[in-house]
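Q: Got a structure for you, model.json, holding JSON, C-alpha atoms.
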```
[["chain", "number", "residue", "atom", "x", "y", "z"],
["A", 22, "MET", "CA", -48.19, 97.97, 236.39],
["A", 23, "ASN", "CA", -48.91, 95.27, 233.83],
["A", 24, "GLU", "CA", -52.31, 95.22, 232.22],
["A", 25, "ALA", "CA", -54.42, 92.06, 232.33],
["A", 26, "ILE", "CA", -53.55, 89.71, 229.48],
["A", 27, "ASP", "CA", -56.35, 88.70, 227.14],
["A", 28, "VAL", "CA", -55.31, 85.06, 226.75],
["A", 29, "ASP", "CA", -58.24, 84.15, 224.51],
["A", 30, "GLN", "CA", -56.90, 86.18, 221.60],
["A", 31, "TYR", "CA", -53.92, 83.82, 221.46],
["A", 32, "ARG", "CA", -55.98, 80.64, 221.47],
["A", 33, "ILE", "CA", -56.62, 78.72, 218.24],
["A", 34, "SER", "CA", -60.34, 78.03, 218.10],
["A", 35, "LYS", "CA", -60.48, 76.01, 214.88],
["A", 36, "GLU", "CA", -58.39, 72.92, 214.24],
["A", 37, "PRO", "CA", -55.56, 73.67, 211.79],
["A", 38, "PHE", "CA", -55.26, 70.76, 209.36],
["A", 39, "TYR", "CA", -52.03, 68.84, 209.79],
["A", 40, "GLN", "CA", -51.25, 65.43, 208.30],
["A", 41, "PRO", "CA", -48.89, 63.49, 210.59],
["A", 42, "GLN", "CA", -46.01, 61.80, 208.80],
["A", 43, "GLY", "CA", -44.52, 59.86, 211.68],
["A", 44, "LYS", "CA", -44.37, 60.05, 215.45],
["A", 45, "GLU", "CA", -44.07, 63.86, 215.63],
["A", 46, "VAL", "CA", -47.37, 64.40, 217.45],
["A", 47, "VAL", "CA", -46.57, 61.85, 220.16],
["A", 48, "LEU", "CA", -43.03, 63.17, 220.51],
["A", 49, "PHE", "CA", -44.17, 66.77, 220.87],
["A", 50, "GLU", "CA", -46.81, 65.80, 223.44],
["A", 51, "ALA", "CA", -44.11, 64.04, 225.48],
["A", 52, "ALA", "CA", -41.87, 67.11, 225.27],
["A", 53, "TYR", "CA", -44.71, 69.40, 226.32],
["A", 54, "ALA", "CA", -45.56, 67.18, 229.28],
["A", 55, "SER", "CA", -42.22, 68.15, 230.82],
["A", 56, "ARG", "CA", -42.20, 71.61, 229.18],
["A", 57, "MET", "CA", -39.04, 70.65, 227.32],
["A", 58, "PRO", "CA", -37.89, 73.23, 224.74],
["A", 59, "VAL", "CA", -38.26, 71.93, 221.18],
["A", 60, "MET", "CA", -36.39, 72.74, 217.97],
["A", 61, "LEU", "CA", -38.07, 71.99, 214.62],
["A", 62, "LYS", "CA", -35.67, 71.55, 211.69],
["A", 63, "GLY", "CA", -36.72, 71.27, 208.07],
["A", 64, "PRO", "CA", -36.99, 72.92, 204.66],
["A", 65, "THR", "CA", -39.10, 75.95, 203.87],
["A", 66, "GLY", "CA", -42.82, 75.33, 203.58],
["A", 67, "CYS", "CA", -42.82, 71.71, 204.77],
["A", 68, "GLY", "CA", -45.35, 72.27, 207.58],
["A", 69, "LYS", "CA", -43.33, 73.26, 210.67],
["A", 70, "SER", "CA", -45.45, 76.29, 211.51],
["A", 71, "ARG", "CA", -48.69, 74.46, 210.78],
["A", 72, "PHE", "CA", -47.54, 71.67, 213.08],
["A", 73, "VAL", "CA", -46.98, 74.10, 215.96],
["A", 74, "GLU", "CA", -50.42, 75.63, 215.40],
["A", 75, "HIS", "CA", -51.97, 72.16, 215.34],
["A", 76, "MET", "CA", -50.25, 71.14, 218.58],
["A", 77, "ALA", "CA", -51.26, 74.37, 220.34],
["A", 78, "TRP", "CA", -54.85, 73.65, 219.33],
["A", 79, "LYS", "CA", -54.60, 69.99, 220.36],
["A", 80, "LEU", "CA", -53.08, 70.86, 223.74],
["A", 81, "GLU", "CA", -55.56, 73.72, 224.20],
["A", 82, "LYS", "CA", -52.77, 76.21, 224.89],
["A", 83, "PRO", "CA", -52.38, 79.81, 223.68],
["A", 84, "LEU", "CA", -49.76, 80.36, 220.99],
["A", 85, "VAL", "CA", -47.51, 83.40, 220.56],
["A", 86, "THR", "CA", -45.62, 83.38, 217.24],
["A", 87, "VAL", "CA", -42.62, 85.56, 216.40],
["A", 88, "ALA", "CA", -41.28, 85.80, 212.85],
["A", 89, "CYS", "CA", -37.58, 86.34, 213.48],
["A", 90, "ASN", "CA", -35.51, 88.72, 211.36],
["A", 91, "GLU", "CA", -32.02, 90.21, 211.36],
["A", 92, "ASP", "CA", -33.25, 93.57, 212.66],
["A", 93, "MET", "CA", -34.94, 92.06, 215.71],
["A", 94, "THR", "CA", -33.42, 93.19, 219.00],
["A", 95, "ALA", "CA", -33.63, 91.70, 222.46],
["A", 96, "SER", "CA", -36.07, 94.49, 223.34],
["A", 97, "ASP", "CA", -38.36, 93.34, 220.51],
["A", 98, "LEU", "CA", -38.59, 89.99, 222.29],
["A", 99, "VAL", "CA", -38.70, 90.95, 225.96],
["A", 100, "GLY", "CA", -40.24, 94.44, 225.91],
["A", 101, "ARG", "CA", -39.40, 98.12, 226.34],
["A", 102, "PHE", "CA", -40.49, 101.33, 228.00],
["A", 103, "LEU", "CA", -42.83, 103.50, 225.93],
["A", 104, "LEU", "CA", -43.78, 107.13, 226.31],
["A", 105, "ASP", "CA", -47.43, 108.10, 225.94],
["A", 106, "ALA", "CA", -49.82, 110.80, 227.19],
["A", 107, "ARG", "CA", -49.81, 109.29, 230.67],
["A", 108, "GLY", "CA", -46.02, 109.17, 230.90],
["A", 109, "THR", "CA", -43.64, 106.23, 230.70],
["A", 110, "ARG", "CA", -45.02, 102.72, 230.71],
["A", 111, "TRP", "CA", -43.59, 99.24, 230.14],
["A", 112, "GLN", "CA", -44.84, 97.08, 227.28],
["A", 113, "ASP", "CA", -44.10, 93.37, 227.34],
["A", 114, "GLY", "CA", -42.58, 91.80, 224.24],
["A", 115, "PRO", "CA", -44.00, 88.54, 222.83],
["A", 116, "LEU", "CA", -41.54, 86.31, 224.72],
["A", 117, "THR", "CA", -42.36, 87.98, 228.02],
["A", 118, "LEU", "CA", -46.06, 87.86, 227.27],
["A", 119, "ALA", "CA", -45.91, 84.12, 226.57],
["A", 120, "ALA", "CA", -43.88, 83.44, 229.71],
["A", 121, "ARG", "CA", -46.37, 85.33, 231.87],
["A", 122, "MET", "CA", -49.53, 83.69, 230.54],
["A", 123, "GLY", "CA", -48.27, 80.15, 229.99],
["A", 124, "ALA", "CA", -48.36, 80.08, 226.20],
["A", 125, "ILE", "CA", -46.34, 78.13, 223.69],
["A", 126, "CYS", "CA", -43.90, 80.69, 222.29],
["A", 127, "TYR", "CA", -42.85, 79.88, 218.72],
["A", 128, "LEU", "CA", -39.77, 81.64, 217.33],
["A", 129, "ASP", "CA", -39.98, 80.98, 213.60],
["A", 130, "GLU", "CA", -36.70, 80.90, 211.60],
["A", 131, "ILE", "CA", -34.66, 81.79, 214.64],
["A", 132, "VAL", "CA", -31.34, 81.82, 212.75],
["A", 133, "GLU", "CA", -32.49, 85.00, 211.03],
["A", 134, "ALA", "CA", -32.14, 86.81, 214.37],
["A", 135, "ARG", "CA", -28.78, 88.05, 215.60],
["A", 136, "GLN", "CA", -27.00, 85.77, 218.06],
["A", 137, "ASP", "CA", -26.81, 88.54, 220.64],
["A", 138, "THR", "CA", -30.60, 88.66, 220.49],
["A", 139, "THR", "CA", -31.30, 84.95, 220.82],
["A", 140, "VAL", "CA", -29.21, 84.57, 223.99],
["A", 141, "VAL", "CA", -32.07, 86.17, 225.94],
["A", 142, "ILE", "CA", -33.95, 82.87, 225.65],
["A", 143, "HIS", "CA", -31.27, 80.90, 227.49],
["A", 144, "PRO", "CA", -32.58, 81.34, 231.06],
["A", 145, "LEU", "CA", -36.00, 80.11, 229.88],
["A", 146, "THR", "CA", -34.58, 76.90, 228.44],
["A", 147, "ASP", "CA", -32.91, 75.34, 231.46],
["A", 148, "TYR", "CA", -33.79, 74.54, 235.07],
["A", 149, "ARG", "CA", -34.24, 78.24, 235.88],
["A", 150, "ARG", "CA", -37.20, 78.90, 233.57],
["A", 151, "THR", "CA", -36.81, 82.60, 234.22],
["A", 152, "LEU", "CA", -36.64, 85.73, 232.10],
["A", 153, "PRO", "CA", -34.73, 88.72, 233.48],
["A", 154, "LEU", "CA", -36.08, 92.12, 232.40],
["A", 155, "ASP", "CA", -32.91, 94.11, 233.04],
["A", 156, "LYS", "CA", -34.34, 97.44, 231.95],
["A", 157, "LYS", "CA", -37.25, 97.02, 234.33],
["A", 158, "GLY", "CA", -35.40, 95.35, 237.17],
["A", 159, "GLU", "CA", -37.79, 92.39, 237.19],
["A", 160, "LEU", "CA", -37.19, 88.65, 237.10],
["A", 161, "ILE", "CA", -40.09, 86.70, 235.62],
["A", 162, "GLU", "CA", -40.64, 83.09, 236.58],
["A", 163, "ALA", "CA", -42.22, 81.37, 233.60],
["A", 164, "HIS", "CA", -45.79, 80.16, 234.00],
["A", 165, "PRO", "CA", -45.95, 76.37, 234.57],
["A", 166, "ASP", "CA", -47.59, 75.92, 231.14],
["A", 167, "PHE", "CA", -44.96, 77.92, 229.21],
["A", 168, "GLN", "CA", -42.99, 76.14, 226.48],
["A", 169, "LEU", "CA", -40.47, 77.50, 223.98],
["A", 170, "VAL", "CA", -40.40, 76.18, 220.41],
["A", 171, "ILE", "CA", -37.99, 77.35, 217.70],
["A", 172, "SER", "CA", -37.61, 76.45, 214.03],
["A", 173, "TYR", "CA", -35.09, 76.88, 211.26],
["A", 174, "ASN", "CA", -34.07, 75.50, 207.89],
["A", 175, "PRO", "CA", -30.70, 73.72, 208.20],
["A", 176, "GLY", "CA", -30.30, 73.59, 204.42],
["A", 177, "TYR", "CA", -30.57, 77.34, 203.98],
["A", 178, "GLN", "CA", -28.00, 78.89, 206.23],
["A", 179, "SER", "CA", -24.42, 80.06, 206.18],
["A", 180, "LEU", "CA", -21.67, 79.94, 208.76],
["A", 181, "MET", "CA", -22.74, 83.45, 209.68],
["A", 182, "LYS", "CA", -26.32, 82.30, 210.20],
["A", 183, "ASP", "CA", -26.29, 79.30, 212.45],
["A", 184, "LEU", "CA", -27.29, 78.71, 216.03],
["A", 185, "LYS", "CA", -24.57, 78.72, 218.66],
["A", 186, "GLN", "CA", -23.94, 75.34, 220.26],
["A", 187, "SER", "CA", -24.83, 76.92, 223.60],
["A", 188, "THR", "CA", -28.29, 77.56, 222.15],
["A", 189, "LYS", "CA", -28.73, 74.30, 220.22],
["A", 190, "GLN", "CA", -27.97, 72.14, 223.22],
["A", 191, "ARG", "CA", -30.79, 73.66, 225.23],
["A", 192, "PHE", "CA", -33.39, 72.06, 222.96],
["A", 193, "SER", "CA", -34.67, 68.69, 221.97],
["A", 194, "ALA", "CA", -35.02, 68.49, 218.18],
["A", 195, "MET", "CA", -37.41, 67.07, 215.60],
["A", 196, "GLU", "CA", -36.67, 66.82, 211.88],
["A", 197, "PHE", "CA", -39.29, 67.60, 209.25],
["A", 198, "ASP", "CA", -39.23, 67.06, 205.51],
["A", 199, "TYR", "CA", -41.65, 67.17, 202.62],
["A", 200, "ALA", "CA", -44.21, 64.40, 202.84],
["A", 201, "ALA", "CA", -44.13, 61.29, 200.66],
["A", 202, "ALA", "CA", -45.68, 61.91, 197.24],
["A", 203, "GLU", "CA", -49.10, 60.39, 197.90],
["A", 204, "VAL", "CA", -49.35, 62.02, 201.33],
["A", 205, "GLU", "CA", -48.33, 65.41, 199.93],
["A", 206, "ALA", "CA", -50.85, 65.09, 197.11],
["A", 207, "GLY", "CA", -53.49, 64.35, 199.72],
["A", 208, "ILE", "CA", -52.52, 67.46, 201.66],
["A", 209, "VAL", "CA", -52.78, 69.64, 198.54],
["A", 210, "ALA", "CA", -56.17, 68.13, 197.70],
["A", 211, "ARG", "CA", -57.42, 68.59, 201.27],
["A", 212, "GLU", "CA", -56.24, 72.21, 201.47],
["A", 213, "THR", "CA", -57.59, 73.36, 198.10],
["A", 214, "GLY", "CA", -60.30, 70.98, 196.95],
["A", 215, "ALA", "CA", -58.15, 69.95, 193.96],
["A", 216, "ASP", "CA", -58.85, 66.53, 192.46],
["A", 217, "ALA", "CA", -56.37, 63.74, 193.12],
["A", 218, "ASP", "CA", -54.93, 63.72, 189.59],
["A", 219, "LEU", "CA", -54.12, 67.43, 189.63],
["A", 220, "ALA", "CA", -52.58, 67.16, 193.11],
["A", 221, "ARG", "CA", -50.33, 64.31, 191.96],
["A", 222, "LYS", "CA", -49.16, 66.29, 188.93],
["A", 223, "LEU", "CA", -48.25, 69.28, 191.10],
["A", 224, "VAL", "CA", -46.29, 67.07, 193.46],
["A", 225, "LYS", "CA", -44.47, 65.54, 190.50],
["A", 226, "ILE", "CA", -43.33, 69.03, 189.43],
["A", 227, "ALA", "CA", -42.17, 69.72, 192.97],
["A", 228, "GLN", "CA", -40.09, 66.55, 192.98],
["A", 229, "VAL", "CA", -38.33, 67.63, 189.78],
["A", 230, "ALA", "CA", -37.38, 70.93, 191.44],
["A", 231, "ARG", "CA", -36.29, 69.28, 194.67],
["A", 232, "ASN", "CA", -33.91, 67.06, 192.73],
["A", 233, "LEU", "CA", -32.21, 70.25, 191.52],
["A", 234, "LYS", "CA", -31.48, 71.49, 195.03],
["A", 235, "GLY", "CA", -27.76, 71.99, 195.26],
["A", 236, "HIS", "CA", -27.50, 71.86, 191.46],
["A", 237, "GLY", "CA", -28.64, 75.37, 190.69],
["A", 238, "LEU", "CA", -31.46, 75.74, 193.21],
["A", 239, "ASP", "CA", -31.00, 76.86, 196.81],
["A", 240, "GLU", "CA", -34.39, 75.45, 197.80],
["A", 241, "GLY", "CA", -37.00, 73.21, 196.18],
["A", 242, "ILE", "CA", -40.68, 73.86, 195.65],
["A", 243, "SER", "CA", -42.51, 73.82, 198.99],
["A", 244, "THR", "CA", -45.87, 72.27, 199.79],
["A", 245, "ARG", "CA", -47.07, 75.83, 200.42],
["A", 246, "LEU", "CA", -46.33, 76.78, 196.81],
["A", 247, "LEU", "CA", -48.17, 73.68, 195.58],
["A", 248, "VAL", "CA", -51.22, 74.92, 197.45],
["A", 249, "TYR", "CA", -50.86, 78.32, 195.76],
["A", 250, "ALA", "CA", -50.73, 76.68, 192.32],
["A", 251, "ALA", "CA", -53.78, 74.54, 193.04],
["A", 252, "ILE", "CA", -55.72, 77.62, 194.18],
["A", 253, "LEU", "CA", -54.88, 79.48, 190.97],
["A", 254, "ILE", "CA", -56.00, 76.50, 188.89],
["A", 255, "ARG", "CA", -59.17, 76.18, 190.95],
["A", 256, "ASP", "CA", -59.90, 79.84, 190.22],
["A", 257, "GLY", "CA", -59.66, 79.36, 186.46],
["A", 258, "ILE", "CA", -55.99, 79.90, 185.59],
["A", 259, "GLU", "CA", -54.53, 77.46, 183.05],
["A", 260, "PRO", "CA", -52.39, 74.83, 184.83],
["A", 261, "ASN", "CA", -49.21, 75.66, 182.91],
["A", 262, "ASP", "CA", -49.55, 79.38, 183.67],
["A", 263, "ALA", "CA", -50.47, 78.74, 187.31],
["A", 264, "CYS", "CA", -47.44, 76.51, 187.80],
["A", 265, "ARG", "CA", -45.06, 79.00, 186.24],
["A", 266, "MET", "CA", -46.45, 81.76, 188.43],
["A", 267, "ALA", "CA", -46.68, 79.85, 191.72],
["A", 268, "LEU", "CA", -43.96, 77.21, 191.46],
["A", 269, "VAL", "CA", -41.14, 78.40, 189.21],
["A", 270, "ARG", "CA", -40.89, 82.19, 189.19],
["A", 271, "PRO", "CA", -40.76, 82.52, 193.02],
["A", 272, "ILE", "CA", -37.80, 80.17, 193.47],
["A", 273, "THR", "CA", -35.34, 81.05, 190.70],
["A", 274, "ASP", "CA", -34.08, 83.81, 188.42],
["A", 275, "ASP", "CA", -31.72, 81.46, 186.61],
["A", 276, "ALA", "CA", -32.83, 81.14, 182.97],
["A", 277, "ASP", "CA", -31.56, 77.56, 182.56],
["A", 278, "ILE", "CA", -33.24, 76.32, 185.73],
["A", 279, "ARG", "CA", -36.41, 78.16, 184.81],
["A", 280, "ASP", "CA", -36.46, 76.58, 181.34],
["A", 281, "THR", "CA", -35.87, 73.12, 182.82],
["A", 282, "LEU", "CA", -38.81, 73.49, 185.19],
["A", 283, "ASP", "CA", -41.03, 75.06, 182.51],
["A", 284, "HIS", "CA", -40.31, 72.06, 180.28],
["A", 285, "ALA", "CA", -41.24, 69.69, 183.12],
["A", 286, "ILE", "CA", -44.53, 71.56, 183.56],
["A", 287, "ASP", "CA", -45.31, 71.33, 179.85],
["A", 288, "SER", "CA", -44.52, 67.61, 179.83],
["A", 289, "ILE", "CA", -46.61, 66.81, 182.90],
["A", 290, "PHE", "CA", -49.61, 68.84, 181.72],
["A", 291, "ALA", "CA", -49.31, 67.83, 178.06]]
```
Starting from the coordinates I provided, produce the structure as structure tokens.

A:
Amino acid sequence: MNEAIDVDQYRISKEPFYQPQGKEVVLFEAAYASRMPVMLKGPTGCGKSRFVEHMAWKLEKPLVTVACNEDMTASDLVGRFLLDARGTRWQDGPLTLAARMGAICYLDEIVEARQDTTVVIHPLTDYRRTLPLDKKGELIEAHPDFQLVISYNPGYQSLMKDLKQSTKQRFSAMEFDYAAAEVEAGIVARETGADADLARKLVKIAQVARNLKGHGLDEGISTRLLVYAAILIRDGIEPNDACRMALVRPITDDADIRDTLDHAIDSIFA
């Protein structure tokens, strides 16, 4: 027997700040109106997860988030039998939980999961909107409010880590990217209390790194890392040291790339 689900623990009570950059809010609302599955594509740290949180808050729907990884099995998503003092009992996985209670289920960085794991979402993403629990012998019909959202970074994947076409073509898709310089500076200032001049300088450093993507860097500096740098500076760390710690050292071990970015930091904060 399934225990009653405490839906309130999955609700977002406080508005997560998100700065729209285009029509993404309107497009997502339209997709949710028909419970259409949505795929969010974009670089690391550009705001995909924050966007999903914002939309769950705006739509007043519970949100179940799963951070996908290569060790995740189908049972981790749908559930498994557990043995406790009372005997054997079934425990729903996050996907099953979301389907039962009508939540938005967000599978973050789905390409990190094995393809034999992600196929379990297929029946939930077409006209059936069902989830078979083979081990339990149960077929769940998704709650009318249930929606599936996935995300991944198209620029950071290999042929071994890509979604199957049979999965991709079950979703509508929205592309995300880093915000324009002034907008991104505004986001950093809003998130950290940094003054406008400091926020612009941090964004300028990020742009230098992003221009090196594909030329020694796998990924540029994310908006998330800019927020980290601004927090360190706010808390009394010298800007040059904060930028090295938060912006450069996390993204590269290459001495030449590191020196290039360190020089850019010194020039911008001269």

Q: Rank nothing, just name the residue among A:Ile252, A:Ala124, A:Leu247, A:Val28 nearest to Val269 in chain A, using only C-alpha atoms.

A: A:Leu247

Q: Which polymer residues, protein or nucleic acid, are no farther than 10 Å from (-29.6, 79.3, 218.8), counting all atoms listed in the file, as a list in words?

A: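 Looking at atoms near the point gives Met60, Ile131, Val132, Ala134, Arg135, Gln136, Asp137, Thr138, Thr139, Val140, Ile142, His143, Ile171, Ser172, Tyr173, Lys182, Asp183, Leu184, Lys185, Gln186, Ser187, Thr188, Lys189, Gln190, Arg191 and Phe192 of chain A.
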
Q: At what distance in Å, to one decimal, does CA of Trp111 in chain A lie from CA of Thr94 in chain A?

A: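 Distance reported for this atom pair: 16.3 Å.
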
Q: Provide the CA of Lys69 in chain A to CA of Glu45 in chain A distance in Å, to one decimal place.

A: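 CA of Lys69 in chain A sits 10.7 Å away from CA of Glu45 in chain A.
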
Q: List as an MDAnalysis selection string the protein and nucleic acid residues near range 193-205 of chain A, meaning an atom at most 7 Å away when all atoms listed in the file are counted, but skip any in the same chain fewer than 4 places from it.

A: chainID A and resid 42 58:64 67 209 224

Q: Please write the residues from the selection above to a file, keeping C-alpha atoms, as a short mmCIF file (atom, residue, chain, number, x, y, z; two decimals), in the frame of the given file.

A:
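The resulting file, selection-v3.cif, is shown below:
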```cif
data_model
loop_
_atom_site.label_atom_id
_atom_site.label_comp_id
_atom_site.auth_asym_id
_atom_site.auth_seq_id
_atom_site.Cartn_x
_atom_site.Cartn_y
_atom_site.Cartn_z
CA GLN A 42 -46.01 61.80 208.80
CA PRO A 58 -37.89 73.23 224.74
CA VAL A 59 -38.26 71.93 221.18
CA MET A 60 -36.39 72.74 217.97
CA LEU A 61 -38.07 71.99 214.62
CA LYS A 62 -35.67 71.55 211.69
CA GLY A 63 -36.72 71.27 208.07
CA PRO A 64 -36.99 72.92 204.66
CA CYS A 67 -42.82 71.71 204.77
CA VAL A 209 -52.78 69.64 198.54
CA VAL A 224 -46.29 67.07 193.46
#
```

Q: For the atom pair CA of Leu48 in chain A and CA of Lys82 in chain A, what is the interatomic distance in Å to one decimal place?

A: 16.9 Å

Q: Find the residue from A:Asp277, A:Met57, A:Leu154, A:Glu130 that sits nearest to Phe102 in chain A; use all atoms listed in the file when measuring.

A: A:Leu154

Q: Which of these, A:Arg221, A:Arg56, A:Lys35, A:Arg245, has the shortest distance to Ala163 in chain A once you count all atoms listed in the file?

A: A:Arg56

Q: With distances taken over only C-alpha atoms, which of A:Leu253, A:Ile208, A:Ile226, A:Val85 is nearest to Gly68 in chain A?

A: A:Ile208

Q: Select, from A:Pro175, A:Gly108, A:Gly66, A:Gly207, the residue with the minimum atom-to-atom distance to Tyr249 in chain A, counting all atoms listed in the file.

A: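 Under the stated criterion, the closest residue is A:Gly66.
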
Q: Would you mind completing range 92-113 of chain A so that it carries N, CA and C atoms, and writing it out as a short mmCIF file (atom, residue, chain, number, x, y, z; two decimals), keeping the file's coordinate frame?

A:
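Resulting contents of part.cif:
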```cif
data_model
loop_
_atom_site.label_atom_id
_atom_site.label_comp_id
_atom_site.auth_asym_id
_atom_site.auth_seq_id
_atom_site.Cartn_x
_atom_site.Cartn_y
_atom_site.Cartn_z
N ASP A 92 -33.15 92.27 211.98
CA ASP A 92 -33.25 93.57 212.66
C ASP A 92 -33.86 93.45 214.05
N MET A 93 -34.28 92.25 214.42
CA MET A 93 -34.94 92.06 215.71
C MET A 93 -33.93 92.20 216.85
N THR A 94 -34.28 92.99 217.83
CA THR A 94 -33.42 93.19 219.00
C THR A 94 -33.97 92.42 220.19
N ALA A 95 -33.16 92.35 221.23
CA ALA A 95 -33.63 91.70 222.46
C ALA A 95 -34.87 92.41 223.01
N SER A 96 -34.91 93.73 222.87
CA SER A 96 -36.07 94.49 223.34
C SER A 96 -37.33 94.12 222.57
N ASP A 97 -37.19 93.77 221.29
CA ASP A 97 -38.36 93.34 220.51
C ASP A 97 -38.95 92.06 221.08
N LEU A 98 -38.12 91.25 221.70
CA LEU A 98 -38.59 89.99 222.29
C LEU A 98 -39.11 90.17 223.71
N VAL A 99 -38.35 90.90 224.53
CA VAL A 99 -38.70 90.95 225.96
C VAL A 99 -39.55 92.15 226.33
N GLY A 100 -39.42 93.27 225.61
CA GLY A 100 -40.24 94.44 225.91
C GLY A 100 -39.40 95.70 226.07
N ARG A 101 -40.09 96.83 226.23
CA ARG A 101 -39.40 98.12 226.34
C ARG A 101 -40.32 99.14 227.02
N PHE A 102 -39.72 100.22 227.47
CA PHE A 102 -40.49 101.33 228.00
C PHE A 102 -40.98 102.20 226.85
N LEU A 103 -42.24 102.63 226.92
CA LEU A 103 -42.83 103.50 225.93
C LEU A 103 -43.30 104.78 226.60
N LEU A 104 -43.32 105.84 225.81
CA LEU A 104 -43.78 107.13 226.31
C LEU A 104 -45.12 107.47 225.66
N ASP A 105 -46.13 107.69 226.47
CA ASP A 105 -47.43 108.10 225.94
C ASP A 105 -47.96 109.28 226.74
N ALA A 106 -49.23 109.61 226.55
CA ALA A 106 -49.82 110.80 227.19
C ALA A 106 -49.81 110.70 228.71
N ARG A 107 -49.79 109.49 229.22
CA ARG A 107 -49.81 109.29 230.67
C ARG A 107 -48.41 109.20 231.27
N GLY A 108 -47.39 109.27 230.41
CA GLY A 108 -46.02 109.17 230.90
C GLY A 108 -45.34 107.93 230.35
N THR A 109 -44.40 107.41 231.12
CA THR A 109 -43.64 106.23 230.70
C THR A 109 -44.32 104.96 231.21
N ARG A 110 -44.44 104.00 230.32
CA ARG A 110 -45.02 102.72 230.71
C ARG A 110 -44.25 101.59 230.04
N TRP A 111 -44.28 100.43 230.67
CA TRP A 111 -43.59 99.24 230.14
C TRP A 111 -44.55 98.45 229.27
N GLN A 112 -44.05 97.98 228.14
CA GLN A 112 -44.84 97.08 227.28
C GLN A 112 -44.08 95.78 227.09
N ASP A 113 -44.71 94.69 227.49
CA ASP A 113 -44.10 93.37 227.34
C ASP A 113 -43.90 93.04 225.86
#
```
